[in-house]
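Asks: Structure provided below as structure tokens; questions to follow.
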Number of protein chains: 4
Amino acid sequence: MNSFGEALRITTFGESHGAGIGVVIDGLPANLPVDWERVQSALQRRRPGQSAYTSPRSESDRVEVLSGLYQGRTAGAPLTLWMPNQNARPEEYEEIAQVFRPSHADYTYFLKYRHIDPRGGGRSSARETAARVAAGAVALQLLEKLYPGVQIIAWTSAIGPYHTMYEPQRLEEVERSPVRCPDPEVSKQIEAYLLQLQAEGDTTGGVVSTRVEGIPPGLGEPIYDKLSARLAYAMLSINAAKGFAFGRGFEAAALRGSDHNDPFGVQEGQVRPLTNQAGGILGGISTGEPIFFQVAFKPIATLRQPQHTTTKAGEPVVLELKGGRHDPCPVPRAVPIVEAMTALVLADFALRIRGNTPLHS
Amino acid sequence: MNSFGEALRITTFGESHGAGIGVVIDGLPANLPVDWERVQSALQRRRPGQSAYTSPRSESDRVEVLSGLYQGRTAGAPLTLWMPNQNARPEEYEEIAQVFRPSHADYTYFLKYRHIDPRGGGRSSARETAARVAAGAVALQLLEKLYPGVQIIAWTSAIGPYHTMYEPQRLEEVERSPVRCPDPEVSKQIEAYLLQLQAEGDTTGGVVSTRVEGIPPGLGEPIYDKLSARLAYAMLSINAAKGFAFGRGFEAAALRGSDHNDPFGVQEGQVRPLTNQAGGILGGISTGEPIFFQVAFKPIATLRQPQHTTTKAGEPVVLELKGGRHDPCPVPRAVPIVEAMTALVLADFALRIRGNTPLHS
Amino acid sequence: MNSFGEALRITTFGESHGAGIGVVIDGLPANLPVDWERVQSALQRRRPGQSAYTSPRSESDRVEVLSGLYQGRTAGAPLTLWMPNQNARPEEYEEIAQVFRPSHADYTYFLKYRHIDPRGGGRSSARETAARVAAGAVALQLLEKLYPGVQIIAWTSAIGPYHTMYEPQRLEEVERSPVRCPDPEVSKQIEAYLLQLQAEGDTTGGVVSTRVEGIPPGLGEPIYDKLSARLAYAMLSINAAKGFAFGRGFEAAALRGSDHNDPFGVQEGQVRPLTNQAGGILGGISTGEPIFFQVAFKPIATLRQPQHTTTKAGEPVVLELKGGRHDPCPVPRAVPIVEAMTALVLADFALRIRGNTPLHS
Amino acid sequence: MNSFGEALRITTFGESHGAGIGVVIDGLPANLPVDWERVQSALQRRRPGQSAYTSPRSESDRVEVLSGLYQGRTAGAPLTLWMPNQNARPEEYEEIAQVFRPSHADYTYFLKYRHIDPRGGGRSSARETAARVAAGAVALQLLEKLYPGVQIIAWTSAIGPYHTMYEPQRLEEVERSPVRCPDPEVSKQIEAYLLQLQAEGDTTGGVVSTRVEGIPPGLGEPIYDKLSARLAYAMLSINAAKGFAFGRGFEAAALRGSDHNDPFGVQEGQVRPLTNQAGGILGGISTGEPIFFQVAFKPIATLRQPQHTTTKAGEPVVLELKGGRHDPCPVPRAVPIVEAMTALVLADFALRIRGNTPLHS
């Protein structure tokens with residue numbers, strides 16, 4: 001099913017090279033004013049062609065509101081957003097229509113559906129994530145209404161062999177880097193590395209880190225719908241994601257309890273953990289401290305270097321993509337997608353607690 | 001909500017120190033014969049008191065079938081399993097009832113529910129996982145019926161500073177190690193390390209690795225319910241889990257596409273990936289190759305070393321647990337839980353494809 | 001699936017002649033005190049053997065709480081109730097094991113599941129409704145906490161050819177009649193009719209009417225989850241139910257708009273409909289006026305008169321039930337079941353609006 | 001939430017006087033060829049302005065496919081249909097914007113959402129049902145693929161005081177009547193009655209009957225998701241619906257078991273019920289016999305006769321609608337909506353049994 005979320009549920013639809021991409025956002029309480037400039041600007045951050053380091057396919061991603069708005073506010077009805085495809089060129093994909101691209105979803109879609117839409121991957125294309133980003137930008141505005149001061153900030157913390165421990169405090173620190181790495185030194189290294197990969201016809205993976213501030217304690221449900229479990233679910237649903245970790249993540253596996261535990265103390269009259277190795281989540285429920293997690297992405301599968309593969313009929317061929325420039329790394333554009341999915345998960349939990357009572361105007 | 005799964009849905013209930021732990025398994029097709037010895041033996045592997053390295057709380061975990069069975073086969077009705085608590089000692093927990101244990105869910109449950117059940121953590125206790133293991137053992141039998149030869153095998157691949165690349169082929173290789181590490185060398189190191197930690201009143205984390213063989217291509221749904229996304233969801237719902245990664249996981253982030261891609265070739269007349277760095281999943285859908293993933297666990301939060309914390313009233317105290325021996329590491333007992341959640345995720349996807357038509361007898 | 005409800009979800013399990021009947025109630029906010037006397041007394045009203053007019057199977061229906069309670073209040077965890085079967089006599093059913101009983105679910109279960117549990121109908125037995133009644137009695141207590149003064153009252157408004165327009169104001173008016181008909185005159189007629197039917201080995205159907213007072217405006221969701229649609233769903237899920245109608249129901253089909261419309265006026269400073277032909281629901285949402293609906297039940301299918309049928313092997317036989325006295329009419333015992341399902345539907349909608357925030361203690 | 005269905009799930013969106021009306025159909029197996037002429041023709045039957053007896057608002061209801069189709073067949077992705085509004089005249093509704101219309105959803109929407117979209121009722125308008133009809137026409141084509149020969153036929157069996165027992169065998173018998181009553185005599189009476197009501201500025205209700213042939217035994221799930229319960233849920237979700245009954249419905253309440261039971265016999269080598277008073281459903285599961293049910297509709301609330309009501313500010317006024325001709329009866333246009341919801345319920349159950357495996361091409 002193409003839906004995500006319980007109390008706040010998105011359903012996305014549309015193909016990469018069909019008429020467009022859309023999303024129905026259901027469960028939004030009535031009376032939320034939506035700032036469409038901000039939705040548009042989130043989309044702008046995701047779309048291709050932003051810099052020398054990303055794919056040049058140029059989609060304006062201008063969002064149309066098909067339903068759910070009345071006098072600038074949500075009506076308590078499904079809010080539907082639609083982004084027509086303008087730069088769809090199905091014919092460009094004919095050269096690959098008869099070949100399995102290594103490490104591409106073409107192969108599993110073919111086995112599952114017994115047919116294949118070669119036009120840019122159909123539903124499996126990264127283009128579907130535009131719908132997530134638009135919906136996430138609305139969910140963020142709901143969160144801000146419920147929890148004033150909330151901030152979701154994601155950034156490139158590693159690409160290829162380059163990584164940083166730098167934690168940005170503001171979005172601008174991220175956005176000033178063309179690869180969304182807030183550490184100026186490391187950003188430069190990554191930029192050079194990506195240019196080199198493009199020259200070589202190769203690609204790379206990387207890591208997106210995320211910190212959320214201003215979420216009160218109590219979000220998340222015990223057992224299966226832990227906040228951490230829903231975040232993992234959301235993040236692994238993003239194309240090319242290979243891993244999720246929160247707090248100290250895989251490093252925690254090597255630590256001692258006496259090093260990893262966060263002692264409790266009293267700050268401003270409140271009992272709080274004095275450190276936050278937990279990453280803001282204990283027992284699947286938010287502690288009120290900043291939430292921190294990381295998502296690993298594999299290298300983009302489409303490369304210009306010749307690759308061994310077969311046709312759909314099973315004949316070995318060497319695949320050599322000629323036209324088309326592709327992203328050398330999924331990470332810079334994944335940053336706003338990770339932010340969007342984070343907002344959707346958190347807003348869903350917020351609504352589970354408060355219900356769908358309309359917002360006060 | 002305390003349910004997991006769509007076409008095959010479990011609902012667990014019960015508290016650590018209440019009457020017992022149970023699970024309703026809904027969606028099982030009719031006519032599945034269930035081997036209860038195997039269910040019992042899976043529970044045996046999870047339960048405490050198995051070795052010097054695990055907590056001595058002794059629960060027989062004898063499973064009672066409350067409903068859903070007719071003449072030894074599933075009836076197409078909810079199958080309900082119940083494991084009465086026999087060794088519940090709520091009074092033992094009085095000493096901690098008034099104190100927040102560092103890095104424990106006590107704290108967030110208290111903030112969320114405004115009350116707290118101190119008796120072994122209530123719902124947040126690892127005891128809830130007995131219900132998952134029992135349900136998973138049934139789901140595995142369904143998978144075996146649908147996909148003869150399917151095998152789910154999980155093992156300890158790291159604890160503290162010790163880790164191994166060894167991949168076991170059979171369950172016995174895992175079970176012969178008291179810490180479920182199939183590499184005899186590393187197992188010895190871990191055993192020594194855990195004894196040392198117990199002596200020091202400390203704990204550690206670790207990593208569980210899993211390999212699934214015999215799953216056909218096509219399991220998993222595009223977009224949100226990717227096989228990888230549902231596995232991540234399931235794994236992060238386990239107590240103490242901090243991370244999930246499949247295929248090359250976080251390592252993939254540092255690789256080049258030309259190193260990470262799996263070329264396609266023809267084997268026994270079928271197009272297949274010639275390597276499996278993808279970990280058996282492409283675009284969220286199983287490829288038919290072995291599925292491989294890892295789950296990171298943090299150190300157990302309960303330690304005997306003195307820790308700084310506060311009472312619930314906010315007074316600083318030093319917490320020094322006297323009685324009770326606790327597991328020094330969650331990983332050995334997490335192995336069967338990871339297997340169980342894997343079986344539940346896979347059986348759910350299998351039923352989404354085939355529906356709930358009764359099995360042939 | 002054996003679940004009902006979204007924000008408040010019950011999952012029932014158990015068979016008529018298995019170990020017992022149970023229900024998991026998930027989604028209850030924490031801190032609800034539960035009066036178990038009232039749960040027990042609701043069960044008492046449903047159970048067989050209450051009078052000469054109902055089946056003599058005697059089940060004490062004593063409810064055991066398996067989980068979810070802490071110090072007398074809900075813990076925010078699944079509340080599980082269990083009623084062991086004490087009077088199960090699977091052997092009694094052997095005489096009918098090889099025969100399709102006319103108008104019985106045996107037939108469709110056999111076609112659907114390819115096996116059949118003859119022991120009192122297994123899951124299809126009315127015994128399952130004990131779980132609904134217990135859960136409904138808890139849901140009612142939640143409703144009372146949220147909407148003090150709320151009252152759900154159901155009664156027998158017709159059995160066979162006898163019917164009444166009498167609307168009871170209090171439960172006692174219903175309970176003083178052994179057939180739950182608050183109109184003393186009609187009650188007597190029905191009683192005589194049922195005795196006659198028993199003597200003749202025949203059965204009959206009837207109608208249960210329900211009125212709910214004290215529900216505020218705004219419960220129900222537009223489009224699919226209209227309050228009326230969910231009530232219809234719930235009521236038609238009860239065994240032997242054949243129809244649902246609210247407000248003027250099927251009579252409304254013959255009326256003119258000018259006769260059926262409820263004019264608005266002002267009462268005590270509030271705009272309200274001055275009549276309530278709508279039955280308390282407009283556009284699927286509660287108006288704040290009393291909710292009124294009716295449920296039709298068919299005659300009980302099991303009768304002592306000889307009936308033409310076939311064996312499962314397809315041989316024509318005349319079925320003549322010897323032993324066992326059966327209810328001549330489902331309606332008197334359906335009254336508390338209808339009340340229970342009503343409470344479950346309303347509490348579900350209440351929680352959708354307010355979320356699962358714990359109740360104040 | 002604005003979704004309906006489990007294995008086949010529709011999500012509708014759009015407002016009466018917004019940009020248009022749409023639906024996402026999720027869960028359709030891949031490879032279903034869709035005949036869009038038939039979808040369009042189903043929409044044609046629902047839309048206003050078909051005859052003197054229906055509202056003259058003229059919407060072409062031309063359906064656009066936004067997603068989910070590849071080379072004329074379903075792609076296994078969400079199929080999204082969109083019908084732009086062309087005749088939306090929000091300004092026409094200004095005269096009623098400040099007044100509660102008696103028996104209209106305006107009132108409850110206002111209480112629930114604290115705002116009101118006066119433009120033709122927004123989401124509560126019958127225009128939403130265009131999305132259901134389009135989706136239902138696709139679902140019907142899926143059913144025909146799965147169960148060749150299946151036929152869903154609905155008709156007007158009563159309007160105001162006129163009713164008929166006539167059961168049509170073919171759609172043409174229904175469609176030749178401008179009020180969709182297959183009984184030529186009664187159709188004439190109804191036509192005259194509706195013209196009279198229009199002249200008097202009044203409205204009426206009626207009953208839609210439905211018969212489904214060609215559904216195999218086994219559709220429907222025990223307990224809550226009985227086929228009858230889901231049909232009731234679907235039908236009561238239609239605007240103006242007041243009641244649902246299947247088989248003998250409310251009449252069954254007055255019958256004896258010996259009259260109502262359907263004896264079993266053998267026909268063409270198969271055990272079958274020899275009569276079908278059950279209406280094709282026993283224990284919530286289809287028997288394989290024709291499914292028969294009825295839906296009652298109240299009179300349309302909007303009438304031209306003067307009515308007592310109040311403004312939203314609470315001042316009593318007499319509402320006298322000047323412009324606009326409205327349907328005098330919801331029933332003729334409800335017929336294709338009932339058919340559509342029937343197809344959606346049945347296709348959902350069919351997919352629960354068979355899963356979402358692609359169709360053979």
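Each chain in the structure tokens gets a letter, A, B and so on, in the order shown; residues start at 1 in every chain, and ligands are counted from 1 in the order they appear.
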Got a sec to pull out which chain D residues are within 6 Å of chain A, counting only C-alpha atoms, and send them as a PyMOL selection string?

Replies: chain D and resi 13-14+19+66-67+78+113+358

Asks: Taking the chain letters and numbering used in this document, name the residues of segment 69-312 of chain D that DSSP puts in alpha helix (DSSP H), as a PyMOL selection string.

Replies: chain D and resi 105-113+129-146+171-175+184-200+227-236+257-260

Asks: Step one, run DSSP on the backbone; step two, keep only residues of segment 265-313 of chain D assigned to strand (DSSP E); then write them as a PyMOL selection string.

Replies: chain D and resi 265-267+270-273+281-282+285-286+291-297+307-310

Asks: Identify which of the residues A:Thr129, A:Gln305, A:Gln98, A:Ser124 lies closest to Leu43 of chain A, counting only C-alpha atoms when measuring atom-to-atom distances.

Replies: A:Thr129

Asks: Which residue is closest to Ile223 of chain B? Choose from A:His260, A:Ala347, A:Phe4, A:Ser286 and count only C-alpha atoms.

Replies: A:Phe4

Asks: Might you pull out every residue within 12 Å of Ala42 of chain B, with only C-alpha atoms counted and same-chain residues fewer than 5 positions away left off, and present them as number ranges by chain?

Replies: B: 35-37, 47, 61-63, 129-141, 171, 175, 333-340

Asks: List the spatial neighbours of Arg304 of chain D as a PyMOL selection string - criterion: any atom at most 10 Å away, only C-alpha atoms, same-chain residues fewer than 3 positions off excluded.

Replies: (chain C and resi 258) or (chain D and resi 198-203+301+307+319-326)

Asks: Here is a test: counting only C-alpha atoms, which residue of C:Pro178, C:Gly214, C:Pro102, C:Pro161 is nearest to Ala278 of chain D?

Replies: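 So, comparing all the options, the nearest one is C:Pro102.
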
Asks: Please list as an mmCIF file with N, CA, C and O atoms, in the first residue's frame every residue within 10 Å of Phe264 of chain B, counting only C-alpha atoms and excluding residues in the same chain fewer than 4 positions away.

Replies:
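Final output, out25.cif:
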data_model
loop_
_atom_site.group_PDB
_atom_site.id
_atom_site.type_symbol
_atom_site.label_atom_id
_atom_site.label_comp_id
_atom_site.auth_asym_id
_atom_site.auth_seq_id
_atom_site.Cartn_x
_atom_site.Cartn_y
_atom_site.Cartn_z
ATOM 1 N N VAL A 99 17.223 -3.956 -20.707
ATOM 2 C CA VAL A 99 18.392 -4.395 -19.934
ATOM 3 C C VAL A 99 18.123 -4.217 -18.442
ATOM 4 O O VAL A 99 17.484 -3.256 -18.035
ATOM 5 N N PHE A 100 18.582 -5.167 -17.640
ATOM 6 C CA PHE A 100 18.533 -4.982 -16.181
ATOM 7 C C PHE A 100 19.713 -4.133 -15.752
ATOM 8 O O PHE A 100 20.873 -4.517 -15.963
ATOM 9 N N ARG A 101 19.457 -3.012 -15.114
ATOM 10 C CA ARG A 101 20.551 -2.182 -14.616
ATOM 11 C C ARG A 101 21.018 -2.734 -13.274
ATOM 12 O O ARG A 101 20.199 -2.922 -12.369
ATOM 13 N N PRO A 102 22.307 -2.992 -13.118
ATOM 14 C CA PRO A 102 22.784 -3.582 -11.855
ATOM 15 C C PRO A 102 22.340 -2.785 -10.626
ATOM 16 O O PRO A 102 22.375 -1.552 -10.631
ATOM 17 N N SER A 103 21.930 -3.510 -9.620
ATOM 18 C CA SER A 103 21.534 -2.948 -8.331
ATOM 19 C C SER A 103 20.366 -1.981 -8.424
ATOM 20 O O SER A 103 20.202 -1.094 -7.583
ATOM 21 N N TYR A 107 14.882 -4.802 -11.682
ATOM 22 C CA TYR A 107 14.951 -6.262 -11.617
ATOM 23 C C TYR A 107 13.842 -6.826 -10.733
ATOM 24 O O TYR A 107 13.076 -7.716 -11.129
ATOM 25 N N GLN A 307 29.158 -1.706 -17.259
ATOM 26 C CA GLN A 307 28.834 -2.704 -16.249
ATOM 27 C C GLN A 307 28.334 -3.993 -16.894
ATOM 28 O O GLN A 307 27.590 -3.956 -17.872
ATOM 29 N N HIS A 308 28.681 -5.103 -16.287
ATOM 30 C CA HIS A 308 28.194 -6.390 -16.760
ATOM 31 C C HIS A 308 26.770 -6.615 -16.284
ATOM 32 O O HIS A 308 26.463 -6.445 -15.105
ATOM 33 N N THR A 309 25.943 -6.989 -17.232
ATOM 34 C CA THR A 309 24.568 -7.301 -16.854
ATOM 35 C C THR A 309 23.966 -8.170 -17.959
ATOM 36 O O THR A 309 24.706 -8.726 -18.788
ATOM 37 N N THR A 310 22.648 -8.320 -17.956
ATOM 38 C CA THR A 310 21.982 -9.109 -18.994
ATOM 39 C C THR A 310 20.775 -8.342 -19.513
ATOM 40 O O THR A 310 20.274 -7.426 -18.861
ATOM 41 N N THR A 311 20.300 -8.763 -20.660
ATOM 42 C CA THR A 311 19.009 -8.258 -21.127
ATOM 43 C C THR A 311 17.919 -8.995 -20.356
ATOM 44 O O THR A 311 18.183 -9.976 -19.643
ATOM 45 N N GLY A 314 17.846 -12.475 -20.918
ATOM 46 C CA GLY A 314 18.890 -13.307 -20.335
ATOM 47 C C GLY A 314 20.185 -13.358 -21.104
ATOM 48 O O GLY A 314 21.037 -14.208 -20.835
ATOM 49 N N PRO A 316 23.835 -11.944 -21.811
ATOM 50 C CA PRO A 316 24.843 -11.074 -21.185
ATOM 51 C C PRO A 316 25.148 -9.885 -22.086
ATOM 52 O O PRO A 316 25.292 -10.046 -23.303
ATOM 53 N N VAL A 317 25.212 -8.709 -21.511
ATOM 54 C CA VAL A 317 25.601 -7.499 -22.245
ATOM 55 C C VAL A 317 26.438 -6.624 -21.334
ATOM 56 O O VAL A 317 26.450 -6.807 -20.116
ATOM 57 N N GLN B 270 18.787 -18.708 -15.137
ATOM 58 C CA GLN B 270 18.054 -17.572 -14.589
ATOM 59 C C GLN B 270 18.955 -16.361 -14.422
ATOM 60 O O GLN B 270 20.099 -16.480 -13.972
ATOM 61 N N VAL B 271 18.401 -15.203 -14.756
ATOM 62 C CA VAL B 271 19.141 -13.968 -14.500
ATOM 63 C C VAL B 271 19.179 -13.748 -12.992
ATOM 64 O O VAL B 271 18.132 -13.740 -12.330
ATOM 65 N N ARG B 272 20.389 -13.581 -12.468
ATOM 66 C CA ARG B 272 20.535 -13.351 -11.031
ATOM 67 C C ARG B 272 21.705 -12.409 -10.803
ATOM 68 O O ARG B 272 22.642 -12.346 -11.594
ATOM 69 N N PRO B 273 21.680 -11.672 -9.694
ATOM 70 C CA PRO B 273 22.859 -10.890 -9.336
ATOM 71 C C PRO B 273 24.005 -11.847 -8.981
ATOM 72 O O PRO B 273 23.789 -12.842 -8.272
ATOM 73 N N LEU B 274 25.193 -11.552 -9.500
ATOM 74 C CA LEU B 274 26.324 -12.470 -9.284
ATOM 75 C C LEU B 274 26.983 -12.253 -7.927
ATOM 76 O O LEU B 274 27.712 -13.108 -7.442
ATOM 77 N N THR B 275 26.784 -11.092 -7.340
ATOM 78 C CA THR B 275 27.183 -10.867 -5.947
ATOM 79 C C THR B 275 25.946 -10.390 -5.204
ATOM 80 O O THR B 275 24.912 -10.150 -5.823
#

Asks: Which distance in Å separates atom CA of Gly288 of chain A and atom CA of His104 of chain B, to one decimal?

Replies: 14.3 Å

Asks: Name all residues at most 10 Å from Pro216 of chain B (count only C-alpha atoms; drop same-chain ones fewer than 6 positions away) and give them as a JSON list (two decimals) with all heavy atoms, in the first residue's frame.

Replies:
[["chain", "number", "residue", "atom", "x", "y", "z"],
["A", 111, "LEU", "N", 10.35, -8.98, -11.62],
["A", 111, "LEU", "CA", 10.02, -10.28, -11.05],
["A", 111, "LEU", "C", 8.68, -10.23, -10.32],
["A", 111, "LEU", "O", 7.92, -11.19, -10.30],
["A", 111, "LEU", "CB", 11.12, -10.74, -10.09],
["A", 111, "LEU", "CG", 12.47, -11.04, -10.74],
["A", 111, "LEU", "CD1", 13.51, -11.38, -9.66],
["A", 111, "LEU", "CD2", 12.37, -12.18, -11.74],
["A", 112, "LYS", "N", 8.38, -9.11, -9.71],
["A", 112, "LYS", "CA", 7.17, -9.01, -8.92],
["A", 112, "LYS", "C", 5.94, -8.76, -9.78],
["A", 112, "LYS", "O", 4.90, -9.37, -9.58],
["A", 112, "LYS", "CB", 7.30, -7.87, -7.90],
["A", 112, "LYS", "CG", 6.14, -7.76, -6.91],
["A", 112, "LYS", "CD", 6.38, -6.68, -5.87],
["A", 112, "LYS", "CE", 5.24, -6.58, -4.89],
["A", 112, "LYS", "NZ", 5.16, -7.66, -3.91],
["B", 147, "TYR", "N", 7.19, -21.78, 1.55],
["B", 147, "TYR", "CA", 8.48, -21.77, 0.87],
["B", 147, "TYR", "C", 9.37, -22.86, 1.46],
["B", 147, "TYR", "O", 10.25, -22.58, 2.27],
["B", 147, "TYR", "CB", 9.18, -20.41, 1.04],
["B", 147, "TYR", "CG", 8.32, -19.21, 0.70],
["B", 147, "TYR", "CD1", 8.26, -18.12, 1.57],
["B", 147, "TYR", "CD2", 7.59, -19.14, -0.49],
["B", 147, "TYR", "CE1", 7.48, -17.01, 1.28],
["B", 147, "TYR", "CE2", 6.81, -18.04, -0.78],
["B", 147, "TYR", "CZ", 6.76, -16.98, 0.11],
["B", 147, "TYR", "OH", 5.99, -15.88, -0.19],
["B", 150, "VAL", "N", 13.01, -22.72, 3.40],
["B", 150, "VAL", "CA", 13.35, -21.40, 3.94],
["B", 150, "VAL", "C", 14.10, -21.58, 5.27],
["B", 150, "VAL", "O", 13.81, -22.50, 6.04],
["B", 150, "VAL", "CB", 12.08, -20.55, 4.15],
["B", 150, "VAL", "CG1", 11.22, -21.07, 5.28],
["B", 150, "VAL", "CG2", 12.44, -19.09, 4.39],
["B", 286, "SER", "N", 12.36, -8.34, -2.32],
["B", 286, "SER", "CA", 13.35, -9.42, -2.26],
["B", 286, "SER", "C", 13.79, -9.84, -3.65],
["B", 286, "SER", "O", 12.98, -9.90, -4.58],
["B", 286, "SER", "CB", 12.77, -10.63, -1.52],
["B", 286, "SER", "OG", 11.68, -11.17, -2.23],
["B", 287, "THR", "N", 15.09, -10.13, -3.79],
["B", 287, "THR", "CA", 15.65, -10.53, -5.08],
["B", 287, "THR", "C", 15.66, -12.04, -5.27],
["B", 287, "THR", "O", 15.88, -12.53, -6.36],
["B", 287, "THR", "CB", 17.12, -10.06, -5.21],
["B", 287, "THR", "OG1", 17.88, -10.69, -4.16],
["B", 287, "THR", "CG2", 17.24, -8.56, -5.11],
["B", 288, "GLY", "N", 15.47, -12.77, -4.17],
["B", 288, "GLY", "CA", 15.61, -14.22, -4.23],
["B", 288, "GLY", "C", 16.96, -14.68, -3.69],
["B", 288, "GLY", "O", 17.15, -15.85, -3.39],
["B", 289, "GLU", "N", 17.89, -13.74, -3.54],
["B", 289, "GLU", "CA", 19.19, -14.05, -2.93],
["B", 289, "GLU", "C", 19.02, -14.00, -1.40],
["B", 289, "GLU", "O", 18.04, -13.47, -0.89],
["B", 289, "GLU", "CB", 20.24, -13.02, -3.36],
["B", 289, "GLU", "CG", 20.39, -12.85, -4.86],
["B", 289, "GLU", "CD", 20.74, -14.15, -5.57],
["B", 289, "GLU", "OE1", 21.63, -14.88, -5.08],
["B", 289, "GLU", "OE2", 20.10, -14.46, -6.59],
["B", 290, "PRO", "N", 20.00, -14.53, -0.65],
["B", 290, "PRO", "CA", 19.89, -14.46, 0.81],
["B", 290, "PRO", "C", 19.72, -13.03, 1.31],
["B", 290, "PRO", "O", 20.37, -12.10, 0.82],
["B", 290, "PRO", "CB", 21.21, -15.07, 1.29],
["B", 290, "PRO", "CG", 21.63, -15.98, 0.19],
["B", 290, "PRO", "CD", 21.18, -15.31, -1.08],
["B", 350, "ALA", "N", 4.31, -12.54, 2.70],
["B", 350, "ALA", "CA", 3.87, -13.71, 1.94],
["B", 350, "ALA", "C", 2.35, -13.74, 1.84],
["B", 350, "ALA", "O", 1.78, -14.01, 0.78],
["B", 350, "ALA", "CB", 4.40, -14.98, 2.59]]

Asks: Mind giving me the straight-line distance from atom CA of Gly205 of chain C to atom CA of Lys298 of chain D in Å, one decimal?

Replies: 25.8 Å

Asks: For each of B:Ala192, B:Ile159, B:Val295, B:Leu351, take the minimum atom-to-atom distance to Gly243 of chain A, counting only C-alpha atoms, then give the residue where this is smallest.

Replies: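 Nearest to Gly243 of chain A: B:Val295.
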
Asks: Residues near Pro184 of chain D, anyone? I mean within 10 Å using only C-alpha atoms, not counting same-chain ones fewer than 3 positions away, as a PyMOL selection string.

Replies: chain D and resi 164+166+173-174+176-177+180-181+187-190

Asks: Would you work out the distance separating atom CA of Gly247 of chain A from atom CA of Ala252 of chain B, expressed in Å to one decimal?

Replies: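 The value is 20.1 Å.
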